>>> print(open('final-v7.tsv').read())   # TSV, C-alpha atoms
chain	number	residue	atom	x	y	z
A	1	MET	CA	-18.93	-187.72	73.97
A	2	ILE	CA	-15.81	-188.43	75.92
A	3	GLU	CA	-15.57	-184.87	77.07
A	4	GLY	CA	-19.05	-185.11	78.50
A	5	ALA	CA	-18.01	-188.11	80.58
A	6	ASP	CA	-14.93	-186.26	81.73
A	7	ALA	CA	-16.99	-183.30	82.81
A	8	LEU	CA	-19.26	-185.56	84.85
A	9	ASP	CA	-16.30	-187.16	86.57
A	10	GLY	CA	-14.86	-183.80	87.31
A	11	GLU	CA	-18.06	-182.59	88.88
A	12	THR	CA	-18.23	-185.52	91.24
A	13	GLY	CA	-14.58	-184.94	92.04
A	14	ALA	CA	-15.19	-181.28	92.70
A	15	GLY	CA	-18.12	-182.22	94.91
A	16	THR	CA	-16.08	-184.52	97.10
A	17	SER	CA	-13.29	-182.01	97.36
A	18	LYS	CA	-15.82	-179.44	98.50
A	19	LYS	CA	-17.14	-181.82	101.11
A	20	ASN	CA	-13.68	-182.65	102.36
A	21	ARG	CA	-12.43	-179.14	102.72
A	22	PRO	CA	-15.31	-176.73	103.10
A	23	THR	CA	-13.37	-173.89	104.75
A	24	SER	CA	-10.31	-173.73	102.54
A	25	GLY	CA	-9.84	-170.78	100.28
A	26	PHE	CA	-8.86	-173.04	97.39
A	27	ASN	CA	-10.90	-173.01	94.26
A	28	HIS	CA	-12.64	-176.23	93.36
A	29	ILE	CA	-11.76	-176.43	89.74
A	30	ILE	CA	-9.77	-179.54	88.98
A	31	ALA	CA	-8.12	-180.82	85.85
A	32	ASN	CA	-9.19	-184.14	84.38
A	33	GLY	CA	-6.63	-186.88	83.86
A	34	ASN	CA	-5.85	-186.15	80.24
A	35	ALA	CA	-5.51	-182.42	80.85
A	36	LEU	CA	-3.02	-183.24	83.56
A	37	LYS	CA	-1.03	-185.45	81.21
A	38	LEU	CA	-1.07	-182.76	78.56
A	39	SER	CA	0.15	-180.17	81.06
A	40	CYS	CA	2.96	-182.51	82.05
A	41	GLU	CA	3.97	-182.81	78.43
A	42	LEU	CA	3.95	-179.03	78.10
A	43	LEU	CA	6.17	-178.62	81.16
A	44	ARG	CA	8.51	-181.36	79.96
A	45	ASN	CA	8.82	-179.51	76.67
A	46	PHE	CA	9.55	-176.29	78.55
A	47	THR	CA	12.39	-177.92	80.48
A	48	THR	CA	13.96	-179.71	77.53
A	49	GLU	CA	13.72	-176.56	75.43
A	50	ALA	CA	15.49	-174.53	78.11
A	51	VAL	CA	18.31	-177.08	78.34
A	52	GLN	CA	18.64	-177.48	74.58
A	53	ARG	CA	18.81	-173.76	73.87
A	54	ALA	CA	21.37	-173.23	76.63
A	55	ALA	CA	23.34	-176.19	75.27
A	56	THR	CA	23.40	-174.60	71.82
A	57	ILE	CA	24.91	-171.43	73.26
A	58	ALA	CA	27.45	-173.39	75.29
A	59	GLU	CA	28.43	-175.35	72.20
A	60	ALA	CA	28.91	-172.13	70.23
A	61	GLU	CA	31.26	-170.93	72.94
A	62	GLY	CA	33.18	-174.17	72.74
A	63	VAL	CA	32.60	-175.38	76.31
A	64	SER	CA	30.94	-178.62	77.34
A	65	LYS	CA	29.29	-177.42	80.53
A	66	ILE	CA	26.13	-175.34	80.66
A	67	GLU	CA	26.73	-172.34	82.89
A	68	PRO	CA	24.22	-169.78	84.19
A	69	THR	CA	25.40	-167.21	81.63
A	70	HIS	CA	24.28	-169.52	78.83
A	71	LEU	CA	20.84	-169.80	80.34
A	72	GLU	CA	20.71	-166.03	80.76
A	73	ARG	CA	21.33	-165.58	77.05
A	74	VAL	CA	18.37	-167.72	76.01
A	75	LEU	CA	15.97	-166.79	78.80
A	76	PRO	CA	14.19	-163.80	77.18
A	77	GLN	CA	13.23	-165.68	74.03
A	78	LEU	CA	12.34	-168.79	76.00
A	79	LEU	CA	9.93	-166.87	78.20
A	80	LEU	CA	8.44	-165.20	75.15
A	81	ASP	CA	7.89	-168.57	73.50
A	82	PHE	CA	6.13	-170.13	76.48
B	83	MET	CA	-3.64	-176.03	111.83
B	84	GLU	CA	-5.07	-176.82	108.45
B	85	ARG	CA	-3.09	-174.04	106.88
B	86	GLU	CA	0.12	-175.45	108.32
B	87	GLU	CA	-0.73	-178.83	106.86
B	88	ASP	CA	-1.48	-177.21	103.54
B	89	ASP	CA	1.87	-175.47	103.59
B	90	SER	CA	3.82	-178.61	104.37
B	91	VAL	CA	1.98	-180.53	101.67
B	92	SER	CA	2.55	-177.88	99.03
B	93	GLU	CA	6.20	-177.73	100.04
B	94	LEU	CA	6.47	-181.47	99.57
B	95	LEU	CA	4.80	-181.24	96.18
B	96	ARG	CA	7.10	-178.43	95.15
B	97	ASP	CA	10.16	-180.44	96.13
B	98	ARG	CA	8.91	-183.43	94.17
B	99	PHE	CA	8.27	-181.20	91.21
B	100	ARG	CA	11.79	-179.77	91.40
B	101	LEU	CA	13.27	-183.24	91.59
B	102	SER	CA	11.41	-184.34	88.48
B	103	THR	CA	12.41	-181.22	86.60
B	104	ILE	CA	16.06	-181.73	87.52
B	105	HIS	CA	15.83	-185.33	86.34
B	106	ILE	CA	14.45	-184.22	83.00
B	107	ALA	CA	17.06	-181.47	82.63
B	108	GLU	CA	19.90	-183.88	83.43
B	109	ALA	CA	18.64	-186.45	80.96
B	110	GLU	CA	18.30	-183.82	78.26
B	111	ALA	CA	21.81	-182.50	78.92
B	112	LYS	CA	23.18	-186.02	78.69
B	113	ARG	CA	21.44	-186.49	75.36
B	114	ASN	CA	23.27	-183.41	74.09
B	115	ASP	CA	26.61	-184.68	75.48
B	116	MET	CA	26.73	-181.72	77.81
B	117	GLU	CA	27.35	-181.21	81.47
B	118	ILE	CA	24.97	-178.97	83.34
B	119	SER	CA	25.87	-176.96	86.42
B	120	GLY	CA	23.81	-177.00	89.61
B	121	PRO	CA	22.61	-173.39	89.61
B	122	VAL	CA	21.29	-173.80	86.07
B	123	MET	CA	19.20	-176.78	87.08
B	124	ALA	CA	17.87	-174.99	90.16
B	125	CYS	CA	16.99	-172.04	87.95
B	126	ILE	CA	15.19	-174.17	85.40
B	127	ALA	CA	13.28	-175.98	88.15
B	128	ASP	CA	12.19	-172.68	89.63
B	129	LEU	CA	11.18	-171.33	86.24
B	130	ALA	CA	9.15	-174.43	85.51
B	131	PHE	CA	7.43	-174.19	88.88
B	132	LYS	CA	6.47	-170.57	88.34
B	133	TYR	CA	5.27	-171.43	84.87
B	134	THR	CA	3.10	-174.17	86.36
B	135	GLU	CA	1.49	-171.72	88.75
B	136	GLN	CA	0.68	-169.42	85.87
B	137	LEU	CA	-0.64	-172.29	83.81
B	138	ALA	CA	-2.91	-173.39	86.63
B	139	LYS	CA	-4.35	-169.90	86.94
B	140	ASP	CA	-4.93	-169.79	83.20
B	141	LEU	CA	-6.67	-173.16	83.19
B	142	GLU	CA	-8.88	-172.10	86.07
B	143	LEU	CA	-9.94	-168.93	84.28
B	144	PHE	CA	-10.49	-170.71	80.96
B	145	SER	CA	-12.66	-173.42	82.44
B	146	GLN	CA	-14.57	-170.86	84.49
B	147	HIS	CA	-15.15	-168.84	81.37
B	148	GLY	CA	-16.42	-171.96	79.64
B	149	GLY	CA	-18.87	-172.57	82.47
B	150	ARG	CA	-17.19	-175.85	83.45
B	151	LYS	CA	-15.91	-177.15	86.74
B	152	THR	CA	-13.04	-179.08	85.19
B	153	ALA	CA	-10.17	-178.04	83.01
B	154	ASN	CA	-9.89	-180.20	79.91
B	155	MET	CA	-7.31	-180.68	77.19
B	156	GLU	CA	-8.69	-177.86	75.05
B	157	ASP	CA	-7.97	-175.43	77.86
B	158	VAL	CA	-4.36	-176.56	77.96
B	159	ILE	CA	-3.97	-176.12	74.22
B	160	LEU	CA	-5.67	-172.74	74.43
B	161	SER	CA	-3.14	-171.59	77.00
B	162	VAL	CA	-0.31	-171.95	74.46
B	163	HIS	CA	-2.21	-170.65	71.45
B	164	ARG	CA	0.34	-167.86	70.88
B	165	ASN	CA	3.00	-170.39	69.92
B	166	GLU	CA	1.73	-172.24	66.87
B	167	HIS	CA	4.43	-174.91	66.90
B	168	LEU	CA	3.84	-175.70	70.53
B	169	ALA	CA	0.09	-175.78	70.02
B	170	ALA	CA	0.52	-178.20	67.11
B	171	LEU	CA	2.79	-180.40	69.23
B	172	LEU	CA	0.29	-180.50	72.06
B	173	ARG	CA	-2.59	-181.13	69.67
B	174	LEU	CA	-0.69	-184.17	68.38
B	175	PHE	CA	-0.15	-185.44	71.91
B	176	CYS	CA	-3.81	-184.76	72.69
B	177	ASN	CA	-4.91	-186.86	69.72
B	178	ASP	CA	-2.61	-189.66	70.88
B	179	LEU	CA	-4.22	-189.62	74.31
B	180	LYS	CA	-7.68	-189.66	72.78
B	181	ALA	CA	-6.73	-192.58	70.54
B	182	LYS	CA	-5.58	-194.56	73.55
B	183	GLU	CA	-9.03	-194.20	75.06
B	184	PRO	CA	-11.41	-196.25	72.94
B	185	GLN	CA	-14.89	-194.86	72.60
B	186	SER	CA	-16.86	-198.11	72.90
B	187	GLU	CA	-19.45	-198.20	75.66
B	188	ARG	CA	-17.89	-201.01	77.67
B	189	LYS	CA	-14.41	-199.61	77.69
B	190	ARG	CA	-15.56	-196.09	78.33
B	191	LYS	CA	-17.07	-197.22	81.60
B	192	LYS	CA	-13.75	-198.73	82.56
B	193	ALA	CA	-11.91	-195.58	81.55
B	194	SER	CA	-14.26	-193.37	83.49
B	195	LYS	CA	-13.77	-195.56	86.53
B	196	LYS	CA	-10.04	-195.19	86.11
B	197	GLU	CA	-10.41	-191.48	85.76
B	198	ASP	CA	-12.54	-191.39	88.86
B	199	GLN	CA	-9.71	-192.99	90.73
B	200	ALA	CA	-7.31	-190.54	89.22
B	201	THR	CA	-9.39	-187.56	90.26
B	202	THR	CA	-9.91	-188.88	93.78
B	203	SER	CA	-6.21	-189.43	94.13
B	204	VAL	CA	-5.67	-185.90	92.95
B	205	VAL	CA	-8.20	-184.68	95.47
B	206	HIS	CA	-6.75	-186.74	98.29
B	207	ILE	CA	-3.21	-185.46	98.05
B	208	PRO	CA	-3.96	-182.28	100.01
B	209	ASP	CA	-5.64	-184.26	102.79
B	210	SER	CA	-2.95	-186.86	103.37
>>> encode(input="final-v7.tsv", output="structure tokens")
Amino acid sequence: MIEGADALDGETGAGTSKKNRPTSGFNHIIANGNALKLSCELLRNFTTEAVQRAATIAEAEGVSKIEPTHLERVLPQLLLDF
Amino acid sequence: MEREEDDSVSELLRDRFRLSTIHIAEAEAKRNDMEISGPVMACIADLAFKYTEQLAKDLELFSQHGGRKTANMEDVILSVHRNEHLAALLRLFCNDLKAKEPQSERKRKKASKKEDQATTSVVHIPDS
């Protein structure tokens, strides 16, 4: 039900965006409000996860500052997980 | 002319995005009682930005494949389906969002109005 309403909103939104910018090469697919919020949550999780994993490595090395080498150590697995 | 405007706007948006990411990273480091060096934050911000670009492409393709003109929450969850834990986390958040939006007729109208505003604001950013 609610998704149907969202789709309708999106279509009107896409319509106006088309009217406003007819020549642009941009696609006219837009995300509805909740999808945007969910994407934000996903990106927030990505950032916190990166910091937390790097912090774990830094802690294991006994330093209290996260350096680029710590991030380098966790980067492969982080990118595989996201 | 329009392309120049587009470029400046997307640059502004990217800078705002970086700022927010750095805020989040700093807060998270503080929670872990850790200091975080500048290059690391710049790196994480850049990674997050590139990830966002990829996510946007994914969402576009998914919604196109579904024959829709909007990306919805299912598309977002689908884009992380390889990581079960992450998908479960997002599903939880998705249910929270749905619970906040009551399904009664009267309130749905209100919500859709709100969403209309949200979408127009989203649409208007490139024009401003």
>>> interface_residues(input="final-v7.tsv", of="chain B", to="chain A", cutoff="6 Å", atoms="all atoms listed in the file", output="mmCIF file with C-alpha atoms, keeping the file's coordinate frame")
data_model
loop_
_atom_site.group_PDB
_atom_site.id
_atom_site.type_symbol
_atom_site.label_atom_id
_atom_site.label_comp_id
_atom_site.auth_asym_id
_atom_site.auth_seq_id
_atom_site.Cartn_x
_atom_site.Cartn_y
_atom_site.Cartn_z
ATOM 1 C CA MET B 116 26.730 -181.720 77.810
ATOM 2 C CA GLU B 117 27.350 -181.210 81.470
ATOM 3 C CA ILE B 118 24.970 -178.970 83.340
ATOM 4 C CA SER B 119 25.870 -176.960 86.420
ATOM 5 C CA VAL B 122 21.290 -173.800 86.070
ATOM 6 C CA LYS B 151 -15.910 -177.150 86.740
ATOM 7 C CA THR B 152 -13.040 -179.080 85.190
ATOM 8 C CA ALA B 153 -10.170 -178.040 83.010
ATOM 9 C CA ASN B 154 -9.890 -180.200 79.910
ATOM 10 C CA MET B 155 -7.310 -180.680 77.190
#
>>> residues_around(input="final-v7.tsv", residues="Glu156 in chain B", least_positions_apart="4", cutoff="10 Å", atoms="only C-alpha atoms", output="list in words")
Ala35 and Leu38 of chain A; Leu141, Phe144, Ser145, Leu160, Ser161, Leu172, Arg173 and Cys176 of chain B
>>> atom_distance(input="final-v7.tsv", atom1="CA of Ile159 in chain B", atom2="CA of Leu174 in chain B")
10.5 Å
>>> atom_distance(input="final-v7.tsv", atom1="CA of Leu137 in chain B", atom2="CA of Arg53 in chain A")
21.9 Å
>>> atom_distance(input="final-v7.tsv", atom1="CA of Leu168 in chain B", atom2="CA of Pro121 in chain B")
26.9 Å
>>> axis_aligned_box(input="final-v7.tsv", around="range 120-132 of chain B", padding_each_side="3 Å", output="JSON")
{"center_x": 15.1, "center_y": -173.8, "center_z": 87.8, "size_x": 23.3, "size_y": 12.4, "size_z": 10.8}
>>> decode(input="final-v7.tsv", residues="range 28-44 of chain A", atoms="all heavy atoms", output="PDB file, in the first residue's frame")
ATOM      1  N   HIS A  28      16.546  10.015 -14.736  1.00  0.00           N
ATOM      2  CA  HIS A  28      15.475  10.630 -13.969  1.00  0.00           C
ATOM      3  C   HIS A  28      14.930   9.709 -12.909  1.00  0.00           C
ATOM      4  O   HIS A  28      13.805   9.859 -12.466  1.00  0.00           O
ATOM      5  CB  HIS A  28      14.372  11.098 -14.898  1.00  0.00           C
ATOM      6  CG  HIS A  28      14.859  12.145 -15.829  1.00  0.00           C
ATOM      7  ND1 HIS A  28      15.283  13.376 -15.387  1.00  0.00           N
ATOM      8  CD2 HIS A  28      15.052  12.138 -17.161  1.00  0.00           C
ATOM      9  CE1 HIS A  28      15.687  14.090 -16.421  1.00  0.00           C
ATOM     10  NE2 HIS A  28      15.573  13.364 -17.503  1.00  0.00           N
ATOM     11  N   ILE A  29      15.736   8.762 -12.532  1.00  0.00           N
ATOM     12  CA  ILE A  29      15.318   7.905 -11.429  1.00  0.00           C
ATOM     13  C   ILE A  29      15.698   8.570 -10.129  1.00  0.00           C
ATOM     14  O   ILE A  29      16.829   9.012  -9.968  1.00  0.00           O
ATOM     15  CB  ILE A  29      15.977   6.528 -11.566  1.00  0.00           C
ATOM     16  CG1 ILE A  29      15.326   5.799 -12.733  1.00  0.00           C
ATOM     17  CG2 ILE A  29      15.870   5.748 -10.289  1.00  0.00           C
ATOM     18  CD1 ILE A  29      15.812   4.433 -12.956  1.00  0.00           C
ATOM     19  N   ILE A  30      14.750   8.708  -9.221  1.00  0.00           N
ATOM     20  CA  ILE A  30      15.064   9.300  -7.932  1.00  0.00           C
ATOM     21  C   ILE A  30      14.715   8.326  -6.821  1.00  0.00           C
ATOM     22  O   ILE A  30      13.942   7.393  -7.030  1.00  0.00           O
ATOM     23  CB  ILE A  30      14.300  10.619  -7.718  1.00  0.00           C
ATOM     24  CG1 ILE A  30      12.804  10.396  -7.878  1.00  0.00           C
ATOM     25  CG2 ILE A  30      14.785  11.673  -8.670  1.00  0.00           C
ATOM     26  CD1 ILE A  30      11.999  11.574  -7.459  1.00  0.00           C
ATOM     27  N   ALA A  31      15.297   8.551  -5.677  1.00  0.00           N
ATOM     28  CA  ALA A  31      15.035   7.692  -4.531  1.00  0.00           C
ATOM     29  C   ALA A  31      13.954   8.334  -3.679  1.00  0.00           C
ATOM     30  O   ALA A  31      13.927   9.551  -3.520  1.00  0.00           O
ATOM     31  CB  ALA A  31      16.307   7.517  -3.720  1.00  0.00           C
ATOM     32  N   ASN A  32      13.032   7.547  -3.159  1.00  0.00           N
ATOM     33  CA  ASN A  32      12.034   8.135  -2.266  1.00  0.00           C
ATOM     34  C   ASN A  32      12.654   8.384  -0.891  1.00  0.00           C
ATOM     35  O   ASN A  32      13.766   7.941  -0.604  1.00  0.00           O
ATOM     36  CB  ASN A  32      10.765   7.280  -2.212  1.00  0.00           C
ATOM     37  CG  ASN A  32      10.948   5.998  -1.461  1.00  0.00           C
ATOM     38  OD1 ASN A  32      11.710   5.930  -0.498  1.00  0.00           O
ATOM     39  ND2 ASN A  32      10.250   4.968  -1.867  1.00  0.00           N
ATOM     40  N   GLY A  33      11.924   9.132  -0.061  1.00  0.00           N
ATOM     41  CA  GLY A  33      12.494   9.610   1.197  1.00  0.00           C
ATOM     42  C   GLY A  33      13.076   8.521   2.063  1.00  0.00           C
ATOM     43  O   GLY A  33      14.191   8.637   2.563  1.00  0.00           O
ATOM     44  N   ASN A  34      12.296   7.439   2.215  1.00  0.00           N
ATOM     45  CA  ASN A  34      12.765   6.370   3.095  1.00  0.00           C
ATOM     46  C   ASN A  34      13.992   5.664   2.534  1.00  0.00           C
ATOM     47  O   ASN A  34      14.885   5.289   3.286  1.00  0.00           O
ATOM     48  CB  ASN A  34      11.651   5.355   3.325  1.00  0.00           C
ATOM     49  CG  ASN A  34      10.690   5.829   4.387  1.00  0.00           C
ATOM     50  OD1 ASN A  34      10.986   6.781   5.108  1.00  0.00           O
ATOM     51  ND2 ASN A  34       9.548   5.188   4.473  1.00  0.00           N
ATOM     52  N   ALA A  35      14.033   5.518   1.218  1.00  0.00           N
ATOM     53  CA  ALA A  35      15.210   4.879   0.607  1.00  0.00           C
ATOM     54  C   ALA A  35      16.439   5.725   0.854  1.00  0.00           C
ATOM     55  O   ALA A  35      17.529   5.207   1.102  1.00  0.00           O
ATOM     56  CB  ALA A  35      14.980   4.699  -0.886  1.00  0.00           C
ATOM     57  N   LEU A  36      16.246   7.033   0.837  1.00  0.00           N
ATOM     58  CA  LEU A  36      17.351   7.945   1.098  1.00  0.00           C
ATOM     59  C   LEU A  36      17.841   7.793   2.531  1.00  0.00           C
ATOM     60  O   LEU A  36      19.048   7.734   2.798  1.00  0.00           O
ATOM     61  CB  LEU A  36      16.874   9.374   0.847  1.00  0.00           C
ATOM     62  CG  LEU A  36      17.851  10.335   0.193  1.00  0.00           C
ATOM     63  CD1 LEU A  36      18.440   9.739  -1.055  1.00  0.00           C
ATOM     64  CD2 LEU A  36      17.147  11.632  -0.116  1.00  0.00           C
ATOM     65  N   LYS A  37      16.877   7.709   3.453  1.00  0.00           N
ATOM     66  CA  LYS A  37      17.250   7.545   4.865  1.00  0.00           C
ATOM     67  C   LYS A  37      18.006   6.235   5.069  1.00  0.00           C
ATOM     68  O   LYS A  37      18.986   6.171   5.816  1.00  0.00           O
ATOM     69  CB  LYS A  37      15.992   7.552   5.744  1.00  0.00           C
ATOM     70  CG  LYS A  37      15.489   8.929   6.047  1.00  0.00           C
ATOM     71  CD  LYS A  37      14.271   8.853   6.947  1.00  0.00           C
ATOM     72  CE  LYS A  37      13.512  10.156   6.936  1.00  0.00           C
ATOM     73  NZ  LYS A  37      12.162  10.005   7.507  1.00  0.00           N
ATOM     74  N   LEU A  38      17.507   5.197   4.413  1.00  0.00           N
ATOM     75  CA  LEU A  38      18.141   3.881   4.553  1.00  0.00           C
ATOM     76  C   LEU A  38      19.556   3.899   3.973  1.00  0.00           C
ATOM     77  O   LEU A  38      20.480   3.315   4.551  1.00  0.00           O
ATOM     78  CB  LEU A  38      17.287   2.837   3.840  1.00  0.00           C
ATOM     79  CG  LEU A  38      17.435   1.390   4.291  1.00  0.00           C
ATOM     80  CD1 LEU A  38      17.087   1.249   5.746  1.00  0.00           C
ATOM     81  CD2 LEU A  38      16.564   0.489   3.456  1.00  0.00           C
ATOM     82  N   SER A  39      19.730   4.592   2.860  1.00  0.00           N
ATOM     83  CA  SER A  39      21.072   4.707   2.278  1.00  0.00           C
ATOM     84  C   SER A  39      21.998   5.467   3.215  1.00  0.00           C
ATOM     85  O   SER A  39      23.174   5.122   3.359  1.00  0.00           O
ATOM     86  CB  SER A  39      21.013   5.439   0.943  1.00  0.00           C
ATOM     87  OG  SER A  39      20.034   4.893   0.119  1.00  0.00           O
ATOM     88  N   CYS A  40      21.460   6.492   3.857  1.00  0.00           N
ATOM     89  CA  CYS A  40      22.266   7.254   4.818  1.00  0.00           C
ATOM     90  C   CYS A  40      22.728   6.347   5.950  1.00  0.00           C
ATOM     91  O   CYS A  40      23.884   6.412   6.379  1.00  0.00           O
ATOM     92  CB  CYS A  40      21.456   8.409   5.388  1.00  0.00           C
ATOM     93  SG  CYS A  40      21.276   9.771   4.263  1.00  0.00           S
ATOM     94  N   GLU A  41      21.810   5.516   6.428  1.00  0.00           N
ATOM     95  CA  GLU A  41      22.156   4.601   7.508  1.00  0.00           C
ATOM     96  C   GLU A  41      23.251   3.640   7.053  1.00  0.00           C
ATOM     97  O   GLU A  41      24.200   3.356   7.799  1.00  0.00           O
ATOM     98  CB  GLU A  41      20.898   3.828   7.935  1.00  0.00           C
ATOM     99  CG  GLU A  41      21.117   2.777   8.998  1.00  0.00           C
ATOM    100  CD  GLU A  41      21.454   3.373  10.349  1.00  0.00           C
ATOM    101  OE1 GLU A  41      21.339   4.600  10.490  1.00  0.00           O
ATOM    102  OE2 GLU A  41      21.858   2.614  11.237  1.00  0.00           O
ATOM    103  N   LEU A  42      23.134   3.173   5.830  1.00  0.00           N
ATOM    104  CA  LEU A  42      24.146   2.262   5.284  1.00  0.00           C
ATOM    105  C   LEU A  42      25.509   2.943   5.223  1.00  0.00           C
ATOM    106  O   LEU A  42      26.526   2.354   5.624  1.00  0.00           O
ATOM    107  CB  LEU A  42      23.700   1.819   3.888  1.00  0.00           C
ATOM    108  CG  LEU A  42      24.694   1.028   3.042  1.00  0.00           C
ATOM    109  CD1 LEU A  42      25.105  -0.242   3.746  1.00  0.00           C
ATOM    110  CD2 LEU A  42      24.091   0.697   1.701  1.00  0.00           C
ATOM    111  N   LEU A  43      25.538   4.185   4.774  1.00  0.00           N
ATOM    112  CA  LEU A  43      26.817   4.901   4.657  1.00  0.00           C
ATOM    113  C   LEU A  43      27.385   5.233   6.025  1.00  0.00           C
ATOM    114  O   LEU A  43      28.602   5.216   6.228  1.00  0.00           O
ATOM    115  CB  LEU A  43      26.614   6.171   3.844  1.00  0.00           C
ATOM    116  CG  LEU A  43      26.397   5.870   2.371  1.00  0.00           C
ATOM    117  CD1 LEU A  43      25.756   7.035   1.672  1.00  0.00           C
ATOM    118  CD2 LEU A  43      27.708   5.521   1.714  1.00  0.00           C
ATOM    119  N   ARG A  44      26.490   5.522   6.978  1.00  0.00           N
ATOM    120  CA  ARG A  44      26.947   5.782   8.348  1.00  0.00           C
ATOM    121  C   ARG A  44      27.598   4.522   8.908  1.00  0.00           C
ATOM    122  O   ARG A  44      28.657   4.576   9.533  1.00  0.00           O
ATOM    123  CB  ARG A  44      25.770   6.198   9.216  1.00  0.00           C
ATOM    124  CG  ARG A  44      26.153   7.025  10.441  1.00  0.00           C
ATOM    125  CD  ARG A  44      24.938   7.340  11.288  1.00  0.00           C
ATOM    126  NE  ARG A  44      24.274   6.110  11.721  1.00  0.00           N
ATOM    127  CZ  ARG A  44      24.718   5.343  12.710  1.00  0.00           C
ATOM    128  NH1 ARG A  44      25.796   5.680  13.360  1.00  0.00           N
ATOM    129  NH2 ARG A  44      24.074   4.230  13.039  1.00  0.00           N
TER     130      ARG A  44
END
